Structures are given as C-alpha cells and as structure tokens.
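First comes the structure, then the notes that go with it.
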Amino acid sequence: MRKKLSLIIGALAMAATTPLSAQPKGDEPVAVPRTIKQGIDFVYVDPQMSNVARRKQRPQNWLSRLFNFGASDRRGAPNPMFDQLARGLQQYRASWGRLPQTKIPAGAALKRGSTGKRVQLLRTRLGLPVGGGYDDQVSQAVSAYQAVHGLGTPDGIAGKATIASLNRGSLYYSRRIAINMERAYRLPAVRAFNRYVVVDSGAAEAYLFDRDRMADKMRVVVGSPKTKTPMMAVIMRNAKVNPYWNVPPELVRSLTAQKVKEQGLSYFKNFHYEVLSDWGPNARIIDPKTVNWAGIRTGKIKPTVRVRQLPGPWNSMRNMKFQMPNDYGIYLHDTPHPELFAESERHLSNGCVRLEDYRRFATWVFGYVPQSENGVEHQFDLPRPIPVYMTYLTVSATGNGVVFRPDPYGFDALAMPQMFDGSSKIASTEGQLTVS
C-alpha cells in the first residue's frame with residue numbers, strides 16, 4: 001500500500017535543517033516551503049513513507065495524450081475524477097473549442113440592442129451568423145458561455161470580464177482543464193485502496209471514496225488565499241474526541257500575552273484556557289501568574305510555556321479532531337461555526353479543514369461516532385488507516401462538459417508555466433484534437 005501511494009504522489013521537499021516536528025508548535029498550520037511548486041506538485045508528508053516518496057513527478061501532456069491513453073501508458077487505470085475531466089475536455093473541445101477564436105476589442109458593455117462592428121465580431125466568436133445586432137440569440141449564447149466559464153451569474157451581457165474571457169481563447173481553457181487532469185491523475189488509481197478521502201480545496205468539498213465509488217461528500221471550510229490549504233497526501237491514523245486547542249508559540253506572544261495586558265489574568269478563566277509548564281509529554285499545569293507575560297509580549301522572553309484551550313463548545317475544533325501526522329499542522333476537524341457551510345465562499349480557515357458534519361464523517365471512518373466520558377480529551381485509533389488526498393480542482397465535470405471555477409489560490413496561474421512553458425514546455429496540439 002505504501003509503495004502504491006508513493007508512486008501516485010509528487011514531491012517531498014525537506015526545506016529546513018531542523019525538522020519541523022522537533023519544534024514546539026500549536027494547532028495551527030505552518031507554510032509549505034516555497035521549494036514545493038504547489039501549482040501541480042503534491043507534498044508527501046507521511047513520516048513512515050517519506051523515504052520512498054518520489055521527489056518529482058513530471059506532468060503529462062494531456063492535450064496530446066488524451067486520445068491515445070491506454071493501459072500501456074499507466075501503472076493503473078485512472079481514477080473516476082480523472083476520467084470525468086478527460087471526458088469534459090473532449091466535450092469542451094467539441095463545443096466551445098471549435099468556435100472561431102476571433103478577438104473582440106475592448107469597449108463598452110454589449111447587450112440587447114447593441115450594434116456595430118464589435119457586435120459582429122462577437123457573433124463570429126460565438127459561431128453565430130454575421131448580420132443583425134445583439135439579439136436574443138446572442139444574449140443566450142453569452143449566458144451559456146458565462147455559465148460554463150465561471151463568470152458569475154449569467155446575465156447575457158458581454159461586459160469587460162466576459163470579453164476578456166472570450167479573448168483568452170479556448171486554448172487557455174483547454175490548458176486549465178489539462179492542469180486539473182494532471183492534479184486528478186495524482187489521486188489514487190483504480191483499486192489502489194479500498195477507501196480514501198479527497199479534500200478539494202478548490203471546490204471546498206470533501207469526497208469519501210469506497211472501492212473507487214464516491215460514497216458520500218460534504219462541504220468543508222478550507223484555507224483562505226493568504227493561508228492556503230496545501231496539496232498533499234497523508235495517512236489519517238486516529239482522532240481525538242473533546243480535543244484541546246494548543247495555542248502556537250507565536251500566538252502566545254501576539255495574542256495571549258496581549259490579552260493578558262488588556263484583560264488581566266481572568267482572561268484564562270473567561271475563555272477556558274490553561275497554562276502548562278512546557279511542550280513535553282510530562283508537562284504540568286501551572287498558575288498563569290507565575291509567567292512573565294509582559295516579557296513575552298514585548299519579545300524579551302521567548303515563550304516556553306504551552307497555552308491550551310479546554311475542550312468544549314467554545315473550542316476551535318469543538319467535538320472532534322481527525323489527525324493526520326504531518327509537519328504542516330493540517331488536519332480535519334469539527335467547528336463551532338456551522339453557519340459558514342451555508343456560504344458559497346468557504347476559503348476562510350488558516351489552512352486546516354473544517355467538516356460540515358463531523359458525526360457523518362466519523363461514522364464513515366469508524367463505523368460509529370466515538371464518545372468520551374466526562375468531556376475529557378481521548379484519542380481513538382482508526383480501525384484501519386485511511387489515505388487522505390488534499391487537492392485543488394478549479395474545473396468540475398458536468399454531464400455535457402465542464403464548468404470553470406475561480407482560482408483563489410492562484411495555483412492555476414502557477415501551473416501554467418510548469419506545464420506549458422520553459423524547459424518543461426508541453427507543446428500544444430490543440431488543433432489536432434478530434435472527437436470520435
């Protein structure tokens with residue numbers, strides 16, 4: 001199983017001389033080293049498998065290989081998400097890709113009743129007969145284009161964003177599909193695992209796969225554009241019920257010590273915190289008044305104490321934390337803010353993944369919902385470790401093609417030169433693509 005997992009995942013980069021795991025840190029993610037090009041590459045972080053992780057997996061030329069993709073070209077059959085995107089690319093090329101790639105000059109928004117040369121160019125670009133103005137046929141075609149290309153609520157008005165998208169041309173969007181196919185190809189191959197989880201931070205959703213079939217899915221809250229959830233693969237091994245939240249050392253200085261100055265030592269009781277002597281396994285609870293908070297706040301003293309929030313409804317992880325050993329502080333957990341799952345924009349966390357329904361997730365993982373007596377923290381080992389793949393997809397397959405989503409992390413823009421420019425340039429063969 002370990003060998004199979006390592007073959008389908010990208011790079012593990014060791015960026016520091018001192019392992020992150022040897023440094024005190026709390027329950028907040030840390031940045032992925034810049035040496036890892038997150039446009040495409042996964043971070044392989046499972047400590048027991050890092051010695052066999054591939055340093056680099058060269059991207060494929062899906063624009064030329066797609067229609068000749070056979071068993072001899074891969075170690076195993078592609079996964080379902082790859083297959084859906086592959087079909088989506090074919091359908092996209094057969095519809096929007098076949099249209100004339102006519103450029104439309106910038107100018108005022110075009111809408112029903114508009115006339116002139118720019119309207120005629122727009123009609124040509126959309127494959128409509130030349131002649132006539134901006135009629136219902138044009139408006140409907142523009143609305144359809146906007147719906148597919150992720151341009152907000154389709155309104156049939158060719159404004160600045162719509163014209164800019166049309167002028168990018170179908171090659172740009174075909175490449176975006178190919179980039180997403182590359183990410184999907186690095187997910188588990190068919191029959192690689194009985195069960196695995198895919199967290200898609202592009203869609204802010206989690207998918208639970210059982211024998212290569214999506215058994216369930218749920219909304220998640222993922223990292224913001226400033227605190228991105230990394231693309232990585234790791235093994236989920238256990239979970240904590242009624243977890244503590246350990247405040248990171250930097251936040252002890254910038255948050256805890258500052259709150260002590262503003263509110264006094266009552267801050268700890270009011271917000272359910274306790275202070276421990278250190279980060280070791282035998283740390284003891286100490287009185288907060290024995291700590292020099294002023295020195296910590298000004299930076300004169302490096303915090304060596306550990307501050308943690310007690311289990312309860314106020315806790316940032318609330319009822320349950322699903323642990324996946326990694327040096328980046330990424331895990332899945334419950335949240336005291338369920339209202340956020342009703343939002344369409346869910347790129348809001350510091351990098352960890354908040355689950356819409358931790359009880360449903362726990363039932364799928366354990367077969368039941370683990371409970372702990374007296375509200376104290378208790379760790380439960382999973383009956384069987386489960387691979388978790390955190391990817392980033394900005395294109396979703398539909399019954400008749402694809403729909404593009406925003407690129408909040410900028411990973412598509414980062415991946416473009418990795419796959420299509422420079423020394424690793426993948427030549428465009430778009431003009432050669434045909435659909436049988």
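Identifiers for the structure tokens are assigned positionally: chains receive A, B, ... in sequence, residues are indexed from 1 per chain, and ligands are indexed from 1 in the order shown.
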
**Request:** Identify, on the basis of only C-alpha atoms, every residue whose closest approach to A:Lys269 does not exceed 12 Å; exclude the query and any residue fewer than 6 positions from it along the same chain; express the result as an MDAnalysis selection string.
**Result:** chainID A and resid 260 263 275 287:288 308:310

Just the selected residues (all heavy atoms), exported as a compact mmCIF listing (two decimals), in the first residue's frame, please.
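Once everything was written out, this is selection_3.txt:
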```txt
# COMPACT_ATOMS: atom_id res chain seq x y z
N VAL A 260 -3.71 39.25 28.06
CA VAL A 260 -3.43 39.37 29.49
C VAL A 260 -3.22 40.84 29.86
O VAL A 260 -3.69 41.32 30.90
CB VAL A 260 -2.20 38.52 29.87
CG1 VAL A 260 -1.77 38.82 31.31
CG2 VAL A 260 -2.52 37.04 29.73
N GLN A 263 -6.89 42.39 29.61
CA GLN A 263 -7.97 41.85 30.45
C GLN A 263 -7.51 41.29 31.78
O GLN A 263 -8.34 40.93 32.62
CB GLN A 263 -8.73 40.76 29.67
CG GLN A 263 -9.29 41.23 28.34
CD GLN A 263 -10.00 40.11 27.59
OE1 GLN A 263 -10.50 39.14 28.18
NE2 GLN A 263 -10.06 40.22 26.26
N VAL A 275 -2.60 26.93 31.40
CA VAL A 275 -1.19 27.08 31.05
C VAL A 275 -0.42 25.88 31.57
O VAL A 275 -0.59 25.48 32.72
CB VAL A 275 -0.62 28.39 31.64
CG1 VAL A 275 0.84 28.58 31.22
CG2 VAL A 275 -1.46 29.59 31.20
N ASP A 287 0.23 27.92 37.44
CA ASP A 287 -0.56 29.14 37.67
C ASP A 287 -0.11 30.21 36.68
O ASP A 287 1.08 30.51 36.59
CB ASP A 287 -0.33 29.62 39.10
CG ASP A 287 -1.31 30.71 39.52
OD1 ASP A 287 -1.76 31.46 38.63
OD2 ASP A 287 -1.63 30.80 40.72
N PRO A 288 -1.04 30.81 35.92
CA PRO A 288 -0.65 31.83 34.94
C PRO A 288 0.11 33.01 35.54
O PRO A 288 0.90 33.66 34.85
CB PRO A 288 -2.00 32.28 34.37
CG PRO A 288 -2.92 31.14 34.59
CD PRO A 288 -2.47 30.51 35.88
N ARG A 308 -3.27 26.16 26.25
CA ARG A 308 -4.24 25.38 25.51
C ARG A 308 -5.66 25.71 25.97
O ARG A 308 -5.90 26.00 27.14
CB ARG A 308 -3.97 23.89 25.64
CG ARG A 308 -4.16 23.30 27.01
CD ARG A 308 -3.76 21.83 27.03
NE ARG A 308 -4.02 21.19 28.34
CZ ARG A 308 -3.68 19.95 28.64
NH1 ARG A 308 -3.03 19.21 27.74
NH2 ARG A 308 -3.96 19.45 29.83
N GLN A 309 -6.58 25.65 25.02
CA GLN A 309 -7.99 25.89 25.31
C GLN A 309 -8.66 24.58 25.67
O GLN A 309 -8.47 23.56 24.99
CB GLN A 309 -8.67 26.55 24.10
CG GLN A 309 -10.04 27.10 24.39
CD GLN A 309 -10.59 27.89 23.21
OE1 GLN A 309 -10.41 27.50 22.06
NE2 GLN A 309 -11.28 28.99 23.49
N LEU A 310 -9.45 24.59 26.71
CA LEU A 310 -10.08 23.38 27.20
C LEU A 310 -11.13 22.87 26.22
O LEU A 310 -11.69 23.63 25.43
CB LEU A 310 -10.73 23.65 28.56
CG LEU A 310 -9.77 24.05 29.69
CD1 LEU A 310 -10.57 24.52 30.89
CD2 LEU A 310 -8.89 22.87 30.07
```

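Those residues that approach A:Arg306 to within 7 Å, counting only C-alpha atoms, are Val275, Leu276, Ser277, Asp278 and Trp279 of chain A; same-chain residues fewer than 6 positions away are not listed.
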
**Message:** Just want the 8 Å neighbourhood of A:Arg191, counted on only C-alpha atoms, with same-chain residues fewer than 2 positions away dropped. Output as a VMD selection string.
**Reply:** chain A and resid 189 193 to 194 211 to 212

All heavy atoms of the current selection, written as a CSV table (one decimal), in the first residue's frame:
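out.csv was written with the following content:
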```csv
chain,number,residue,atom,x,y,z
A,189,ALA,N,-5.1,5.6,-8.1
A,189,ALA,CA,-5.5,4.8,-9.3
A,189,ALA,C,-6.6,3.8,-8.8
A,189,ALA,O,-6.7,3.5,-7.6
A,189,ALA,CB,-4.3,4.1,-9.9
A,193,PHE,N,-6.7,1.5,-3.3
A,193,PHE,CA,-7.2,1.4,-1.9
A,193,PHE,C,-8.6,1.1,-1.9
A,193,PHE,O,-9.4,1.4,-2.8
A,193,PHE,CB,-7.0,2.8,-1.2
A,193,PHE,CG,-5.6,3.3,-1.3
A,193,PHE,CD1,-5.3,4.4,-2.1
A,193,PHE,CD2,-4.5,2.7,-0.6
A,193,PHE,CE1,-4.0,4.9,-2.2
A,193,PHE,CE2,-3.2,3.2,-0.7
A,193,PHE,CZ,-3.0,4.3,-1.5
A,194,ASN,N,-9.0,0.4,-0.8
A,194,ASN,CA,-10.5,0.2,-0.6
A,194,ASN,C,-11.2,1.5,-0.2
A,194,ASN,O,-12.3,1.7,-0.7
A,194,ASN,CB,-10.7,-0.8,0.6
A,194,ASN,CG,-10.3,-2.2,0.2
A,194,ASN,OD1,-10.4,-2.6,-1.0
A,194,ASN,ND2,-9.9,-3.0,1.1
A,211,ARG,N,-14.1,1.8,-2.6
A,211,ARG,CA,-13.9,1.0,-3.8
A,211,ARG,C,-14.1,1.8,-5.1
A,211,ARG,O,-14.8,1.4,-6.0
A,211,ARG,CB,-14.8,-0.2,-3.7
A,211,ARG,CG,-14.4,-1.2,-2.6
A,211,ARG,CD,-15.4,-2.4,-2.5
A,211,ARG,NE,-14.9,-3.4,-1.5
A,211,ARG,CZ,-15.1,-3.2,-0.2
A,211,ARG,NH1,-15.7,-2.2,0.3
A,211,ARG,NH2,-14.6,-4.1,0.6
A,212,ASP,N,-13.5,3.0,-5.1
A,212,ASP,CA,-13.4,3.8,-6.3
A,212,ASP,C,-14.8,4.4,-6.6
A,212,ASP,O,-15.0,5.0,-7.7
A,212,ASP,CB,-12.9,3.1,-7.5
A,212,ASP,CG,-11.5,2.5,-7.2
A,212,ASP,OD1,-10.6,3.3,-6.7
A,212,ASP,OD2,-11.2,1.4,-7.5
```

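Put simply, atom CA of A:Tyr368 is 11.6 Å away from atom CA of A:Phe380.
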
**Asked** Any idea what the distance is between atom CA of A:Ile157 and atom CA of A:Gly107?
**Response** 12.8 Å

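Residues within 12 Å of A:Ala342, counting only C-alpha atoms and excluding same-chain residues fewer than 3 positions away, are Ala204, Met218, Arg219, Val220, Val221, His337, Pro338, Glu339, Glu345, Arg346 and Glu356 of chain A.
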
Those residues you just picked out, can you put them in a file as a compact mmCIF listing (two decimals), in the first residue's frame with all heavy atoms?
```
# COMPACT_ATOMS: atom_id res chain seq x y z
N ALA A 204 -13.97 23.50 -2.12
CA ALA A 204 -14.27 23.48 -0.69
C ALA A 204 -15.27 22.37 -0.38
O ALA A 204 -16.32 22.59 0.24
CB ALA A 204 -14.79 24.84 -0.21
N MET A 218 -19.32 16.12 1.40
CA MET A 218 -19.83 17.18 2.26
C MET A 218 -19.04 18.45 2.04
O MET A 218 -17.90 18.43 1.53
CB MET A 218 -19.77 16.76 3.73
CG MET A 218 -18.37 16.60 4.30
SD MET A 218 -18.40 16.09 6.07
CE MET A 218 -19.17 14.48 5.98
N ARG A 219 -19.64 19.55 2.42
CA ARG A 219 -18.96 20.83 2.33
C ARG A 219 -17.89 20.94 3.41
O ARG A 219 -18.01 20.35 4.49
CB ARG A 219 -19.96 21.98 2.49
CG ARG A 219 -20.93 22.12 1.32
CD ARG A 219 -21.79 23.34 1.49
NE ARG A 219 -22.55 23.62 0.27
CZ ARG A 219 -23.16 24.78 0.02
NH1 ARG A 219 -23.11 25.75 0.92
NH2 ARG A 219 -23.81 24.95 -1.11
N VAL A 220 -16.84 21.68 3.11
CA VAL A 220 -15.81 21.95 4.08
C VAL A 220 -15.44 23.43 4.00
O VAL A 220 -15.73 24.11 3.02
CB VAL A 220 -14.55 21.08 3.86
CG1 VAL A 220 -14.86 19.61 4.07
CG2 VAL A 220 -13.95 21.31 2.47
N VAL A 221 -14.80 23.91 5.04
CA VAL A 221 -14.16 25.22 5.03
C VAL A 221 -12.66 24.98 4.95
O VAL A 221 -12.11 24.19 5.72
CB VAL A 221 -14.51 26.02 6.30
CG1 VAL A 221 -13.66 27.29 6.39
CG2 VAL A 221 -16.00 26.39 6.30
N HIS A 337 -18.67 26.95 14.32
CA HIS A 337 -19.30 27.90 13.41
C HIS A 337 -19.95 27.19 12.22
O HIS A 337 -19.53 27.35 11.07
CB HIS A 337 -18.29 28.94 12.93
CG HIS A 337 -17.67 29.73 14.03
ND1 HIS A 337 -18.37 30.67 14.75
CD2 HIS A 337 -16.40 29.70 14.56
CE1 HIS A 337 -17.57 31.20 15.67
NE2 HIS A 337 -16.38 30.63 15.57
N PRO A 338 -20.99 26.40 12.47
CA PRO A 338 -21.63 25.66 11.38
C PRO A 338 -22.31 26.57 10.34
O PRO A 338 -22.56 26.14 9.22
CB PRO A 338 -22.67 24.79 12.10
CG PRO A 338 -22.96 25.51 13.38
CD PRO A 338 -21.66 26.16 13.76
N GLU A 339 -22.57 27.81 10.70
CA GLU A 339 -23.23 28.72 9.77
C GLU A 339 -22.39 29.00 8.52
O GLU A 339 -22.92 29.37 7.47
CB GLU A 339 -23.58 30.05 10.47
CG GLU A 339 -22.39 30.93 10.83
CD GLU A 339 -21.69 30.54 12.13
OE1 GLU A 339 -22.10 29.53 12.75
OE2 GLU A 339 -20.75 31.25 12.52
N GLU A 345 -18.77 30.94 -0.58
CA GLU A 345 -17.33 31.17 -0.47
C GLU A 345 -16.87 30.64 0.89
O GLU A 345 -17.20 31.19 1.94
CB GLU A 345 -17.01 32.66 -0.59
CG GLU A 345 -15.56 33.03 -0.35
CD GLU A 345 -14.59 32.17 -1.13
OE1 GLU A 345 -14.65 32.17 -2.37
OE2 GLU A 345 -13.78 31.46 -0.49
N ARG A 346 -16.10 29.55 0.85
CA ARG A 346 -15.69 28.88 2.08
C ARG A 346 -14.17 28.76 2.20
O ARG A 346 -13.66 27.85 2.85
CB ARG A 346 -16.36 27.50 2.18
CG ARG A 346 -17.89 27.57 2.21
CD ARG A 346 -18.52 26.23 2.53
NE ARG A 346 -18.22 25.22 1.53
CZ ARG A 346 -18.83 25.10 0.35
NH1 ARG A 346 -19.78 25.97 0.01
NH2 ARG A 346 -18.50 24.15 -0.50
N GLU A 356 -18.31 19.84 7.56
CA GLU A 356 -19.71 20.21 7.69
C GLU A 356 -20.44 19.31 8.69
O GLU A 356 -21.29 19.77 9.45
CB GLU A 356 -20.39 20.12 6.33
CG GLU A 356 -21.87 20.46 6.34
CD GLU A 356 -22.51 20.31 4.97
OE1 GLU A 356 -21.96 19.57 4.12
OE2 GLU A 356 -23.55 20.94 4.74
```

**Prompt:** Using the chain letters and numbers from this document, which residues of stretch 181-293 of chain A does DSSP assign to alpha helix (DSSP H), as number ranges by chain?
**Reply:** A: 181-185, 249-251, 257-263, 266-270, 293

When you look at A:Ala147 with a cut-off of 9 Å (counting only C-alpha atoms), what residues show up, excluding the ones that are within fewer than 6 positions of it in the same chain? I need them as a PDB file with N, CA and C atoms, in the first residue's frame.
```pdb
ATOM      1  N   THR A 153     -23.057  35.215 -12.107  1.00  0.00           N
ATOM      2  CA  THR A 153     -24.420  34.903 -12.518  1.00  0.00           C
ATOM      3  C   THR A 153     -24.608  35.262 -13.988  1.00  0.00           C
ATOM      4  N   PRO A 154     -24.962  34.298 -14.838  1.00  0.00           N
ATOM      5  CA  PRO A 154     -25.121  34.598 -16.268  1.00  0.00           C
ATOM      6  C   PRO A 154     -26.209  35.651 -16.490  1.00  0.00           C
ATOM      7  N   VAL A 403     -17.448  22.955 -16.014  1.00  0.00           N
ATOM      8  CA  VAL A 403     -17.699  24.299 -15.500  1.00  0.00           C
ATOM      9  C   VAL A 403     -16.429  24.754 -14.801  1.00  0.00           C
ATOM     10  N   PHE A 404     -15.978  25.952 -15.132  1.00  0.00           N
ATOM     11  CA  PHE A 404     -14.778  26.507 -14.525  1.00  0.00           C
ATOM     12  C   PHE A 404     -15.137  27.264 -13.257  1.00  0.00           C
TER      13      PHE A 404
END
```

**Message:** I'd like the contact shell of stretch 233-241 of chain A - 10 Å cut-off, only C-alpha atoms, skipping same-chain residues fewer than 6 positions apart - returned as a PyMOL selection string.
**Reply:** chain A and resi 2+5-6+8-10+42-49+186-187+196-199+311+317-326+330-333+362+365-366+369-373+375-391

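Proximity to A:Leu251 was assessed for A:Phe420, A:Lys25, A:Gln120, A:Gly39 counting only C-alpha atoms; the smallest distance is recorded for A:Lys25.
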